[in-house]
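Data first, discussion second: the structure below is written as structure tokens.
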Amino acid sequence: MLIERKWKKWLYFYLPMAAFIVFTLFPFYWMAITAFRPDAELYATWRQPNAAPLWTLQPTLEHIKGLLQTTAFPTWLWNTMAIAIVSTAISLVCGMFAGYALARLRFRGSEFLGTAIFITYLVPQTLLFIPLADIVRDLQLGNTPWALMLTYPTFLIPFCTWLLMGYFKTIPKELEECARIDGATRFGAMVRIIFPVAIPGILSAGIFAFTLSWNEFIYALVFMASADQKTVPVGVVSELIRGDIFFWGQLMAGALLGSVPVAIVYSFFVEYYVTGLTGSVKG
Amino acid sequence: MASVSIRELNKKYDNGFHAVKDVNLEIRDKEFMVLVGPSGCGKTTTLRMVAGLEEITSGEIRIGERVINDLPPMDRDIAMVFQNYALYPHKTVFDNMAFGLQMRGYSKEEVGKRVKEAADILGIEMLLERKPRQLSGGQRQRVAVGRAIVRHPQVFLFDEPLSNLDAKLRVQMRVELKRLHERLETTAIYVTHDQVEAMTLGTRVVVMKDGRVQQVGEPLELYGRPANKFVAGFIGSPAMNFVDVSISGDGLRAETEGLRLQIPERLRAHGGKRLTLGVRPEALRIANGSDQHSFATTVDVVEPLGNEILLNFRAGGVPMVARVDPGVRVKAHENIRFALDPGRLHFFDAKTEAAI
């Protein structure tokens, strides 16, 4: 009985799990291995004797060196970081207040407003960038970081608002009522009690928003023209694919270095992130 | 310390639901007033209006001499204990209790002194550094009470504070609350759906149903002289037995299928009418030969509880229950005669349900 169970556990749990992990992580592995593989190996055919497509025998840092020396990668990294942090901060602050209002305040049209905010999230960016480009030009923000810091919240705020609204609804309203009896105003109760209790939700909204703006491509492509203003996703693709030549080593080195900050952010907050998406608060 | 006066209080929600209807209550200084009733009877809404958490549709609430209708909760000088405790999960027990004082700008020494004093009273000194999630249900309840008493408010409001505790702990906390009230002598309004809690805790008890006050009185008064059939049925466990009877010609006999009773002189005026007869389970006893007012029946179910035995049977076409001495030996399906004392019968108008 016990042996059979063990066998079943392997078949139904470990095996699918292992397959899933390989499937998910393989692109990352491929990215990493390509970043450290010398060009001679990269462009050799697989049929050549001693070919080792899945690993490298002579790891090299030349792609990373090339990326940092011949392109504006450090500047892109800095741009991406600054834009992601500012747009996440703007979106979180707006999302916290809007989410709280939609979750807690009863006012005429609150449901309509909630739905309307959600619908704006559903408008595809590939459509929205056209009118936004017009606005960015009118405000003379084109080719400055502000073009992205102010346009990213158009999709981040609805997202944060909805995620936080859901989280605020799981917090018992008695907590706030008790704070108001204890001597806090509605605003005071929100800031002193509800926001601290909602930290897991706020962090996960923040991580999501940060990742979304870090990886954003189309606005960054359209609104930023000069090489020193680009973000990592756009910079890597536009500067390292010249004509029909792909600089695979540097492309992958750029992708690898570009994903490190996101990975750090995730690993740092992973526990909060999970409770933020799944858990609720107990009083 | 203060009295609370509620006049013509009404609450109508936006969806048209009329939750509280013309409630009038005078809660005296230092009184422990319990609001009791089935769920949806408006007791919690009334309490929340006193707290300032629910808007008042019409009417007036005074604490002492102040009309508090439009004051925000923080300015009403009240403290409330919630059913789910509502402890701030991110604060320690000390900070939970200190929050209200800090918000009101008390000095650090005063805050520390008062929290310590309250913790002493409740026996939670050793928990002050813990977070609420590290506490058991009973401990959380104590902290919630502690948070209320540190502020020395004029009125305590309790919203079913014991319902989340297990049965044993509930009985224990009930006694502690009563002791605490005797010690602090603060006016308290306490909402519960549990009539035992209401009877044991209340100086006076308000029974509510469908948004209206049914009766206000001391516990034994409600038990002994219920104002209507609802109160009679709600207070007391097992509940009062009801059977519809008609008062026969000479006005002194209540009759229904299988039951015929001599009734008190005061009911002469109701001759020929239909009334509801109410009998408390403890007003029934097993008849001996000399009893005049008795009837025969068959016991269906025997519930031996140790300190008493409950006998379930049918009489006058309805199921009834009698509470008898544990020494009585009765088996299920046994034929038996019950006697009752005419002085301990209750009569209610069949239509208005008011006591006669």
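Chains: A, B, ... in order of the structure tokens. Residues: from 1 per chain. Ligands: from 1, in order shown.
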Kindly provide, as an mmCIF file with N, CA and C atoms, in the first residue's frame, the residues of chain A having any atom no farther than 8 Å from an atom of chain B, counting only C-alpha atoms.
data_model
loop_
_atom_site.group_PDB
_atom_site.id
_atom_site.type_symbol
_atom_site.label_atom_id
_atom_site.label_comp_id
_atom_site.auth_asym_id
_atom_site.auth_seq_id
_atom_site.Cartn_x
_atom_site.Cartn_y
_atom_site.Cartn_z
ATOM 1 N N PRO A 172 -11.734 43.061 7.506
ATOM 2 C CA PRO A 172 -13.017 43.293 8.179
ATOM 3 C C PRO A 172 -13.257 44.783 8.411
ATOM 4 N N GLU A 174 -14.895 46.122 10.609
ATOM 5 C CA GLU A 174 -14.897 46.454 12.034
ATOM 6 C C GLU A 174 -13.571 47.071 12.481
ATOM 7 N N LEU A 175 -12.466 46.664 11.822
ATOM 8 C CA LEU A 175 -11.164 47.209 12.205
ATOM 9 C C LEU A 175 -11.183 48.716 12.097
ATOM 10 N N GLU A 177 -13.948 50.592 11.848
ATOM 11 C CA GLU A 177 -14.968 51.175 12.720
ATOM 12 C C GLU A 177 -14.419 51.338 14.123
ATOM 13 N N CYS A 178 -13.665 50.320 14.542
ATOM 14 C CA CYS A 178 -13.100 50.378 15.873
ATOM 15 C C CYS A 178 -12.118 51.546 15.962
ATOM 16 N N ALA A 179 -11.318 51.727 14.922
ATOM 17 C CA ALA A 179 -10.351 52.829 14.924
ATOM 18 C C ALA A 179 -11.080 54.167 14.979
ATOM 19 N N ARG A 180 -12.220 54.238 14.313
ATOM 20 C CA ARG A 180 -12.947 55.511 14.305
ATOM 21 C C ARG A 180 -13.551 55.794 15.675
ATOM 22 N N ILE A 181 -13.971 54.731 16.354
ATOM 23 C CA ILE A 181 -14.468 54.928 17.720
ATOM 24 C C ILE A 181 -13.301 55.279 18.640
ATOM 25 N N ASP A 182 -12.139 54.663 18.356
ATOM 26 C CA ASP A 182 -10.950 54.912 19.171
ATOM 27 C C ASP A 182 -10.416 56.330 19.004
ATOM 28 N N GLY A 183 -10.914 57.071 18.043
ATOM 29 C CA GLY A 183 -10.486 58.456 17.942
ATOM 30 C C GLY A 183 -9.837 58.838 16.635
ATOM 31 N N ALA A 184 -9.896 57.961 15.629
ATOM 32 C CA ALA A 184 -9.307 58.310 14.340
ATOM 33 C C ALA A 184 -10.395 58.808 13.398
ATOM 34 N N THR A 185 -10.026 59.705 12.508
ATOM 35 C CA THR A 185 -10.963 60.102 11.455
ATOM 36 C C THR A 185 -10.978 58.993 10.421
ATOM 37 N N ILE A 193 -4.542 52.181 10.050
ATOM 38 C CA ILE A 193 -4.974 50.803 10.267
ATOM 39 C C ILE A 193 -5.065 50.022 8.962
ATOM 40 N N PRO A 196 -1.531 49.708 6.749
ATOM 41 C CA PRO A 196 -0.547 48.769 7.314
ATOM 42 C C PRO A 196 -1.012 47.314 7.242
ATOM 43 N N VAL A 197 -2.311 47.098 7.450
ATOM 44 C CA VAL A 197 -2.818 45.735 7.406
ATOM 45 C C VAL A 197 -2.773 45.204 5.974
ATOM 46 N N LYS A 282 -6.912 38.157 9.044
ATOM 47 C CA LYS A 282 -7.754 37.728 10.162
ATOM 48 C C LYS A 282 -7.580 38.706 11.315
ATOM 49 N N GLY A 283 -8.685 39.073 11.889
ATOM 50 C CA GLY A 283 -8.667 40.142 12.885
ATOM 51 C C GLY A 283 -8.139 39.789 14.206
#
Gln139 in chain B environment, 10 Å, only C-alpha atoms, sequence neighbours closer than 4 positions dropped, as a PyMOL selection string: chain B and resi 122-124+127+132+134-135+143-145
Looking only at strand (DSSP E) from DSSP on the backbone, list the matching residues of range 2-174 of chain B as an MDAnalysis selection string. chainID B and resid 4:12 18:27 32:36 58:63 66:67 78:81 155:159
Export of prior selection with C-alpha atoms as a PDB file, in the first residue's frame:
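Result written to selection-v9.pdb:
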ATOM      1  CA  VAL B   4     -28.439  57.093  27.290  1.00  0.00           C
ATOM      2  CA  SER B   5     -31.735  58.246  25.973  1.00  0.00           C
ATOM      3  CA  ILE B   6     -33.103  57.039  22.654  1.00  0.00           C
ATOM      4  CA  ARG B   7     -36.228  58.723  21.326  1.00  0.00           C
ATOM      5  CA  GLU B   8     -38.358  57.763  18.327  1.00  0.00           C
ATOM      6  CA  LEU B   9     -35.344  56.203  16.654  1.00  0.00           C
ATOM      7  CA  ASN B  10     -35.798  54.995  13.083  1.00  0.00           C
ATOM      8  CA  LYS B  11     -33.480  53.473  10.534  1.00  0.00           C
ATOM      9  CA  LYS B  12     -34.462  53.052   6.911  1.00  0.00           C
ATOM     10  CA  HIS B  18     -37.005  49.594   7.680  1.00  0.00           C
ATOM     11  CA  ALA B  19     -34.619  48.072  10.206  1.00  0.00           C
ATOM     12  CA  VAL B  20     -35.483  50.040  13.344  1.00  0.00           C
ATOM     13  CA  LYS B  21     -38.957  51.380  14.018  1.00  0.00           C
ATOM     14  CA  ASP B  22     -39.816  54.037  16.602  1.00  0.00           C
ATOM     15  CA  VAL B  23     -37.500  52.745  19.286  1.00  0.00           C
ATOM     16  CA  ASN B  24     -37.708  54.522  22.643  1.00  0.00           C
ATOM     17  CA  LEU B  25     -35.308  53.548  25.396  1.00  0.00           C
ATOM     18  CA  GLU B  26     -34.101  55.182  28.576  1.00  0.00           C
ATOM     19  CA  ILE B  27     -30.881  53.564  29.713  1.00  0.00           C
ATOM     20  CA  PHE B  32     -26.272  47.120  31.982  1.00  0.00           C
ATOM     21  CA  MET B  33     -28.908  47.125  29.264  1.00  0.00           C
ATOM     22  CA  VAL B  34     -29.142  44.084  27.022  1.00  0.00           C
ATOM     23  CA  LEU B  35     -30.806  44.188  23.609  1.00  0.00           C
ATOM     24  CA  VAL B  36     -31.927  40.718  22.636  1.00  0.00           C
ATOM     25  CA  SER B  58     -34.985  60.011  12.305  1.00  0.00           C
ATOM     26  CA  GLY B  59     -35.158  60.324  16.057  1.00  0.00           C
ATOM     27  CA  GLU B  60     -32.711  61.425  18.679  1.00  0.00           C
ATOM     28  CA  ILE B  61     -29.982  59.819  20.759  1.00  0.00           C
ATOM     29  CA  ARG B  62     -28.591  61.529  23.847  1.00  0.00           C
ATOM     30  CA  ILE B  63     -25.672  60.493  26.006  1.00  0.00           C
ATOM     31  CA  ARG B  66     -25.633  65.793  24.775  1.00  0.00           C
ATOM     32  CA  VAL B  67     -27.525  65.042  21.589  1.00  0.00           C
ATOM     33  CA  ILE B  78     -18.014  55.513  23.843  1.00  0.00           C
ATOM     34  CA  ALA B  79     -16.081  52.296  23.414  1.00  0.00           C
ATOM     35  CA  MET B  80     -17.224  49.292  21.484  1.00  0.00           C
ATOM     36  CA  VAL B  81     -16.365  45.591  21.580  1.00  0.00           C
ATOM     37  CA  VAL B 155     -20.772  54.122  27.670  1.00  0.00           C
ATOM     38  CA  PHE B 156     -19.624  50.635  26.645  1.00  0.00           C
ATOM     39  CA  LEU B 157     -21.187  49.086  23.595  1.00  0.00           C
ATOM     40  CA  PHE B 158     -20.961  45.325  23.118  1.00  0.00           C
ATOM     41  CA  ASP B 159     -21.976  43.727  19.839  1.00  0.00           C
TER      42      ASP B 159
END
Point-to-point distance from CA of Glu282 in chain B to CA of Ser237 in chain B, Å rounded to tenths: 10.0 Å
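For the residues A:Ile171, A:Ala72, A:Val123, A:Ile21, ranking by smallest atom-to-atom distance to Gly235 in chain A using only C-alpha atoms places A:Ala72 first.
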Quick one: pick out all alpha helix (DSSP H) residues within range 40-252 of chain B from a backbone DSSP run and write them as a PyMOL selection string. chain B and resi 43-51+93-103+108-122+137-149+167-184+195-201+219-224+229-234
Let me see the file: selected residues, C-alpha atoms, as a PDB file, in the first residue's frame.
ATOM      1  CA  LYS B  43     -30.715  45.286  17.765  1.00  0.00           C
ATOM      2  CA  THR B  44     -27.295  45.601  16.151  1.00  0.00           C
ATOM      3  CA  THR B  45     -28.462  48.476  13.952  1.00  0.00           C
ATOM      4  CA  THR B  46     -29.679  50.295  17.049  1.00  0.00           C
ATOM      5  CA  LEU B  47     -26.317  49.769  18.738  1.00  0.00           C
ATOM      6  CA  ARG B  48     -24.454  50.932  15.650  1.00  0.00           C
ATOM      7  CA  MET B  49     -26.529  54.097  15.572  1.00  0.00           C
ATOM      8  CA  VAL B  50     -25.546  54.789  19.165  1.00  0.00           C
ATOM      9  CA  ALA B  51     -21.923  54.191  18.144  1.00  0.00           C
ATOM     10  CA  VAL B  93      -1.598  43.879  22.444  1.00  0.00           C
ATOM     11  CA  PHE B  94      -0.122  46.901  24.207  1.00  0.00           C
ATOM     12  CA  ASP B  95      -0.431  49.064  21.095  1.00  0.00           C
ATOM     13  CA  ASN B  96      -3.936  47.790  20.446  1.00  0.00           C
ATOM     14  CA  MET B  97      -4.970  48.948  23.887  1.00  0.00           C
ATOM     15  CA  ALA B  98      -2.943  52.153  23.703  1.00  0.00           C
ATOM     16  CA  PHE B  99      -4.188  53.249  20.271  1.00  0.00           C
ATOM     17  CA  GLY B 100      -7.311  55.017  21.466  1.00  0.00           C
ATOM     18  CA  LEU B 101      -5.363  56.888  24.151  1.00  0.00           C
ATOM     19  CA  GLN B 102      -2.569  57.842  21.763  1.00  0.00           C
ATOM     20  CA  MET B 103      -5.093  59.173  19.276  1.00  0.00           C
ATOM     21  CA  LYS B 108       3.259  58.307  27.368  1.00  0.00           C
ATOM     22  CA  GLU B 109       3.227  57.753  31.149  1.00  0.00           C
ATOM     23  CA  GLU B 110      -0.552  58.019  31.342  1.00  0.00           C
ATOM     24  CA  VAL B 111      -0.980  55.595  28.428  1.00  0.00           C
ATOM     25  CA  GLY B 112       1.380  53.092  30.037  1.00  0.00           C
ATOM     26  CA  LYS B 113      -0.326  53.419  33.400  1.00  0.00           C
ATOM     27  CA  ARG B 114      -3.824  52.960  32.044  1.00  0.00           C
ATOM     28  CA  VAL B 115      -2.933  50.025  29.816  1.00  0.00           C
ATOM     29  CA  LYS B 116      -1.215  48.324  32.717  1.00  0.00           C
ATOM     30  CA  GLU B 117      -4.197  48.935  34.959  1.00  0.00           C
ATOM     31  CA  ALA B 118      -6.620  47.471  32.403  1.00  0.00           C
ATOM     32  CA  ALA B 119      -4.304  44.530  31.727  1.00  0.00           C
ATOM     33  CA  ASP B 120      -4.207  43.845  35.478  1.00  0.00           C
ATOM     34  CA  ILE B 121      -7.974  43.834  35.729  1.00  0.00           C
ATOM     35  CA  LEU B 122      -8.288  41.388  32.825  1.00  0.00           C
ATOM     36  CA  GLY B 137     -10.059  33.294  21.236  1.00  0.00           C
ATOM     37  CA  GLY B 138     -10.620  34.022  24.918  1.00  0.00           C
ATOM     38  CA  GLN B 139      -7.432  36.072  25.150  1.00  0.00           C
ATOM     39  CA  ARG B 140      -8.385  38.105  22.093  1.00  0.00           C
ATOM     40  CA  GLN B 141     -11.752  38.770  23.653  1.00  0.00           C
ATOM     41  CA  ARG B 142     -10.060  40.015  26.796  1.00  0.00           C
ATOM     42  CA  VAL B 143      -7.805  42.318  24.791  1.00  0.00           C
ATOM     43  CA  ALA B 144     -10.838  43.682  22.967  1.00  0.00           C
ATOM     44  CA  VAL B 145     -12.485  44.407  26.310  1.00  0.00           C
ATOM     45  CA  GLY B 146      -9.239  45.892  27.593  1.00  0.00           C
ATOM     46  CA  ARG B 147      -9.055  48.208  24.618  1.00  0.00           C
ATOM     47  CA  ALA B 148     -12.509  49.446  25.528  1.00  0.00           C
ATOM     48  CA  ILE B 149     -11.917  49.990  29.237  1.00  0.00           C
ATOM     49  CA  ALA B 167     -19.671  27.212  24.917  1.00  0.00           C
ATOM     50  CA  LYS B 168     -17.544  26.729  28.015  1.00  0.00           C
ATOM     51  CA  LEU B 169     -15.507  29.873  27.532  1.00  0.00           C
ATOM     52  CA  ARG B 170     -18.657  31.830  26.839  1.00  0.00           C
ATOM     53  CA  VAL B 171     -20.070  30.962  30.239  1.00  0.00           C
ATOM     54  CA  GLN B 172     -16.800  31.923  31.898  1.00  0.00           C
ATOM     55  CA  MET B 173     -16.485  35.242  30.037  1.00  0.00           C
ATOM     56  CA  ARG B 174     -20.104  36.006  30.816  1.00  0.00           C
ATOM     57  CA  VAL B 175     -19.367  35.898  34.509  1.00  0.00           C
ATOM     58  CA  GLU B 176     -16.224  37.969  34.021  1.00  0.00           C
ATOM     59  CA  LEU B 177     -18.117  40.625  32.109  1.00  0.00           C
ATOM     60  CA  LYS B 178     -20.680  40.840  34.846  1.00  0.00           C
ATOM     61  CA  ARG B 179     -17.967  41.144  37.478  1.00  0.00           C
ATOM     62  CA  LEU B 180     -16.225  43.788  35.389  1.00  0.00           C
ATOM     63  CA  HIS B 181     -19.392  45.818  35.091  1.00  0.00           C
ATOM     64  CA  GLU B 182     -19.928  45.702  38.829  1.00  0.00           C
ATOM     65  CA  ARG B 183     -16.389  46.931  39.343  1.00  0.00           C
ATOM     66  CA  LEU B 184     -16.356  49.702  36.722  1.00  0.00           C
ATOM     67  CA  GLN B 195     -31.507  34.860  25.771  1.00  0.00           C
ATOM     68  CA  VAL B 196     -29.479  33.155  28.504  1.00  0.00           C
ATOM     69  CA  GLU B 197     -26.763  35.779  28.106  1.00  0.00           C
ATOM     70  CA  ALA B 198     -29.399  38.484  28.172  1.00  0.00           C
ATOM     71  CA  MET B 199     -30.988  37.167  31.355  1.00  0.00           C
ATOM     72  CA  THR B 200     -27.729  36.608  33.218  1.00  0.00           C
ATOM     73  CA  LEU B 201     -26.015  39.864  32.287  1.00  0.00           C
ATOM     74  CA  PRO B 219     -34.965  39.619  33.531  1.00  0.00           C
ATOM     75  CA  LEU B 220     -37.413  38.013  35.958  1.00  0.00           C
ATOM     76  CA  GLU B 221     -40.133  40.435  34.993  1.00  0.00           C
ATOM     77  CA  LEU B 222     -39.780  39.387  31.336  1.00  0.00           C
ATOM     78  CA  TYR B 223     -39.866  35.786  32.379  1.00  0.00           C
ATOM     79  CA  GLY B 224     -42.761  36.082  34.772  1.00  0.00           C
ATOM     80  CA  LYS B 229     -46.511  35.831  22.932  1.00  0.00           C
ATOM     81  CA  PHE B 230     -43.203  36.628  21.228  1.00  0.00           C
ATOM     82  CA  VAL B 231     -41.471  37.626  24.463  1.00  0.00           C
ATOM     83  CA  ALA B 232     -43.001  34.647  26.243  1.00  0.00           C
ATOM     84  CA  GLY B 233     -41.670  32.292  23.598  1.00  0.00           C
ATOM     85  CA  PHE B 234     -38.257  33.957  23.299  1.00  0.00           C
TER      86      PHE B 234
END
If you measure from CA of Leu203 in chain A to CA of Ala220 in chain A, what distance in Å do you get, rounded to one decimal?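 A separation of 24.6 Å between them.
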Give me, please, the distance in Å between CA of Val236 in chain A and CA of Leu221 in chain A, quoted to one decimal.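 Computed distance, CA of Val236 in chain A to CA of Leu221 in chain A, equals 11.2 Å.
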Can you pull out every residue within 12 Å of Ser204 in chain A, counting only C-alpha atoms, but drop anything in the same chain fewer than 3 positions away, and send it as a PyMOL selection string? chain A and resi 88+92+159-160+163-164+167+198-201+207-211+265-279
Output for the residues just chosen: N, CA and C atoms as a PDB file, in the first residue's frame:
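This went into again21.pdb:
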ATOM      1  N   THR A  88       5.449  53.195 -10.883  1.00  0.00           N
ATOM      2  CA  THR A  88       4.859  52.304  -9.873  1.00  0.00           C
ATOM      3  C   THR A  88       4.406  53.108  -8.663  1.00  0.00           C
ATOM      4  N   LEU A  92       0.664  53.206  -7.446  1.00  0.00           N
ATOM      5  CA  LEU A  92       0.302  52.623  -6.152  1.00  0.00           C
ATOM      6  C   LEU A  92      -0.467  53.620  -5.296  1.00  0.00           C
ATOM      7  N   PHE A 159      -5.098  48.592 -12.893  1.00  0.00           N
ATOM      8  CA  PHE A 159      -4.662  47.298 -12.386  1.00  0.00           C
ATOM      9  C   PHE A 159      -4.495  47.317 -10.863  1.00  0.00           C
ATOM     10  N   CYS A 160      -3.760  48.329 -10.370  1.00  0.00           N
ATOM     11  CA  CYS A 160      -3.541  48.434  -8.915  1.00  0.00           C
ATOM     12  C   CYS A 160      -4.864  48.653  -8.189  1.00  0.00           C
ATOM     13  N   LEU A 163      -6.766  45.307  -7.983  1.00  0.00           N
ATOM     14  CA  LEU A 163      -6.136  44.343  -7.086  1.00  0.00           C
ATOM     15  C   LEU A 163      -6.314  44.779  -5.633  1.00  0.00           C
ATOM     16  N   LEU A 164      -6.109  46.079  -5.385  1.00  0.00           N
ATOM     17  CA  LEU A 164      -6.196  46.559  -4.002  1.00  0.00           C
ATOM     18  C   LEU A 164      -7.630  46.608  -3.513  1.00  0.00           C
ATOM     19  N   TYR A 167      -8.370  43.360  -2.234  1.00  0.00           N
ATOM     20  CA  TYR A 167      -7.702  43.089  -0.964  1.00  0.00           C
ATOM     21  C   TYR A 167      -8.363  43.843   0.187  1.00  0.00           C
ATOM     22  N   ALA A 198      -2.888  46.111   5.011  1.00  0.00           N
ATOM     23  CA  ALA A 198      -2.951  45.695   3.604  1.00  0.00           C
ATOM     24  C   ALA A 198      -1.581  45.600   2.958  1.00  0.00           C
ATOM     25  N   ILE A 199      -0.515  45.658   3.751  1.00  0.00           N
ATOM     26  CA  ILE A 199       0.822  45.674   3.149  1.00  0.00           C
ATOM     27  C   ILE A 199       1.065  44.510   2.173  1.00  0.00           C
ATOM     28  N   PRO A 200       0.653  43.275   2.489  1.00  0.00           N
ATOM     29  CA  PRO A 200       0.869  42.215   1.490  1.00  0.00           C
ATOM     30  C   PRO A 200       0.209  42.546   0.143  1.00  0.00           C
ATOM     31  N   GLY A 201      -1.007  43.067   0.195  1.00  0.00           N
ATOM     32  CA  GLY A 201      -1.702  43.417  -1.041  1.00  0.00           C
ATOM     33  C   GLY A 201      -1.009  44.560  -1.758  1.00  0.00           C
ATOM     34  N   ILE A 207       4.759  45.057  -6.901  1.00  0.00           N
ATOM     35  CA  ILE A 207       5.650  44.174  -7.669  1.00  0.00           C
ATOM     36  C   ILE A 207       5.111  43.980  -9.088  1.00  0.00           C
ATOM     37  N   PHE A 208       3.811  43.760  -9.151  1.00  0.00           N
ATOM     38  CA  PHE A 208       3.191  43.575 -10.463  1.00  0.00           C
ATOM     39  C   PHE A 208       3.372  44.820 -11.328  1.00  0.00           C
ATOM     40  N   ALA A 209       3.084  45.953 -10.730  1.00  0.00           N
ATOM     41  CA  ALA A 209       3.184  47.206 -11.482  1.00  0.00           C
ATOM     42  C   ALA A 209       4.628  47.430 -11.927  1.00  0.00           C
ATOM     43  N   PHE A 210       5.554  47.137 -11.013  1.00  0.00           N
ATOM     44  CA  PHE A 210       6.974  47.318 -11.336  1.00  0.00           C
ATOM     45  C   PHE A 210       7.378  46.427 -12.514  1.00  0.00           C
ATOM     46  N   THR A 211       6.943  45.164 -12.468  1.00  0.00           N
ATOM     47  CA  THR A 211       7.282  44.236 -13.546  1.00  0.00           C
ATOM     48  C   THR A 211       6.663  44.674 -14.870  1.00  0.00           C
ATOM     49  N   VAL A 265      13.668  41.697  -6.943  1.00  0.00           N
ATOM     50  CA  VAL A 265      12.456  42.242  -6.327  1.00  0.00           C
ATOM     51  C   VAL A 265      11.493  41.118  -5.964  1.00  0.00           C
ATOM     52  N   TYR A 266      11.299  40.194  -6.896  1.00  0.00           N
ATOM     53  CA  TYR A 266      10.373  39.089  -6.636  1.00  0.00           C
ATOM     54  C   TYR A 266      10.829  38.257  -5.451  1.00  0.00           C
ATOM     55  N   SER A 267      12.115  37.856  -5.475  1.00  0.00           N
ATOM     56  CA  SER A 267      12.568  36.929  -4.443  1.00  0.00           C
ATOM     57  C   SER A 267      12.495  37.572  -3.069  1.00  0.00           C
ATOM     58  N   PHE A 268      12.681  38.883  -3.050  1.00  0.00           N
ATOM     59  CA  PHE A 268      12.678  39.595  -1.790  1.00  0.00           C
ATOM     60  C   PHE A 268      11.298  39.588  -1.144  1.00  0.00           C
ATOM     61  N   PHE A 269      10.269  39.733  -1.988  1.00  0.00           N
ATOM     62  CA  PHE A 269       8.919  39.916  -1.453  1.00  0.00           C
ATOM     63  C   PHE A 269       8.011  38.721  -1.705  1.00  0.00           C
ATOM     64  N   VAL A 270       8.615  37.576  -2.060  1.00  0.00           N
ATOM     65  CA  VAL A 270       7.764  36.495  -2.557  1.00  0.00           C
ATOM     66  C   VAL A 270       6.685  36.072  -1.559  1.00  0.00           C
ATOM     67  N   GLU A 271       7.019  36.113  -0.263  1.00  0.00           N
ATOM     68  CA  GLU A 271       6.016  35.658   0.705  1.00  0.00           C
ATOM     69  C   GLU A 271       4.822  36.594   0.788  1.00  0.00           C
ATOM     70  N   TYR A 272       5.136  37.879   0.829  1.00  0.00           N
ATOM     71  CA  TYR A 272       4.063  38.872   0.827  1.00  0.00           C
ATOM     72  C   TYR A 272       3.218  38.754  -0.427  1.00  0.00           C
ATOM     73  N   TYR A 273       3.963  38.509  -1.521  1.00  0.00           N
ATOM     74  CA  TYR A 273       3.325  38.466  -2.819  1.00  0.00           C
ATOM     75  C   TYR A 273       2.277  37.362  -2.859  1.00  0.00           C
ATOM     76  N   VAL A 274       2.644  36.194  -2.325  1.00  0.00           N
ATOM     77  CA  VAL A 274       1.712  35.074  -2.333  1.00  0.00           C
ATOM     78  C   VAL A 274       0.501  35.368  -1.448  1.00  0.00           C
ATOM     79  N   THR A 275       0.739  35.861  -0.215  1.00  0.00           N
ATOM     80  CA  THR A 275      -0.427  36.158   0.638  1.00  0.00           C
ATOM     81  C   THR A 275      -1.243  37.290   0.050  1.00  0.00           C
ATOM     82  N   GLY A 276      -0.572  38.199  -0.647  1.00  0.00           N
ATOM     83  CA  GLY A 276      -1.303  39.314  -1.252  1.00  0.00           C
ATOM     84  C   GLY A 276      -2.294  38.844  -2.289  1.00  0.00           C
ATOM     85  N   LEU A 277      -1.922  37.788  -3.004  1.00  0.00           N
ATOM     86  CA  LEU A 277      -2.819  37.322  -4.056  1.00  0.00           C
ATOM     87  C   LEU A 277      -3.820  36.302  -3.551  1.00  0.00           C
ATOM     88  N   THR A 278      -3.458  35.556  -2.504  1.00  0.00           N
ATOM     89  CA  THR A 278      -4.337  34.469  -2.092  1.00  0.00           C
ATOM     90  C   THR A 278      -4.946  34.682  -0.719  1.00  0.00           C
ATOM     91  N   GLY A 279      -4.220  35.358   0.160  1.00  0.00           N
ATOM     92  CA  GLY A 279      -4.630  35.349   1.560  1.00  0.00           C
ATOM     93  C   GLY A 279      -5.585  36.461   1.909  1.00  0.00           C
TER      94      GLY A 279
END
Which residues come within 8 Å of Ile286 in chain B, counting only C-alpha atoms, excluding same-chain residues fewer than 3 positions away, as a ChimeraX atom specification? /B:324,336-339
Selection: 12 Å around range 249-259 of chain A, only C-alpha atoms, excl. self and same-chain fewer than 5 positions, as an MDAnalysis selection string: chainID A and resid 27:43 59:81 211 214:215 231:242 264:266
Pick out the closest residue to Val302 in chain B from this set: B:Asn288, B:Lys331, B:Ala283, B:Ala239. Count only C-alpha atoms.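 Closest to Val302 in chain B, using only C-alpha atoms: B:Lys331.
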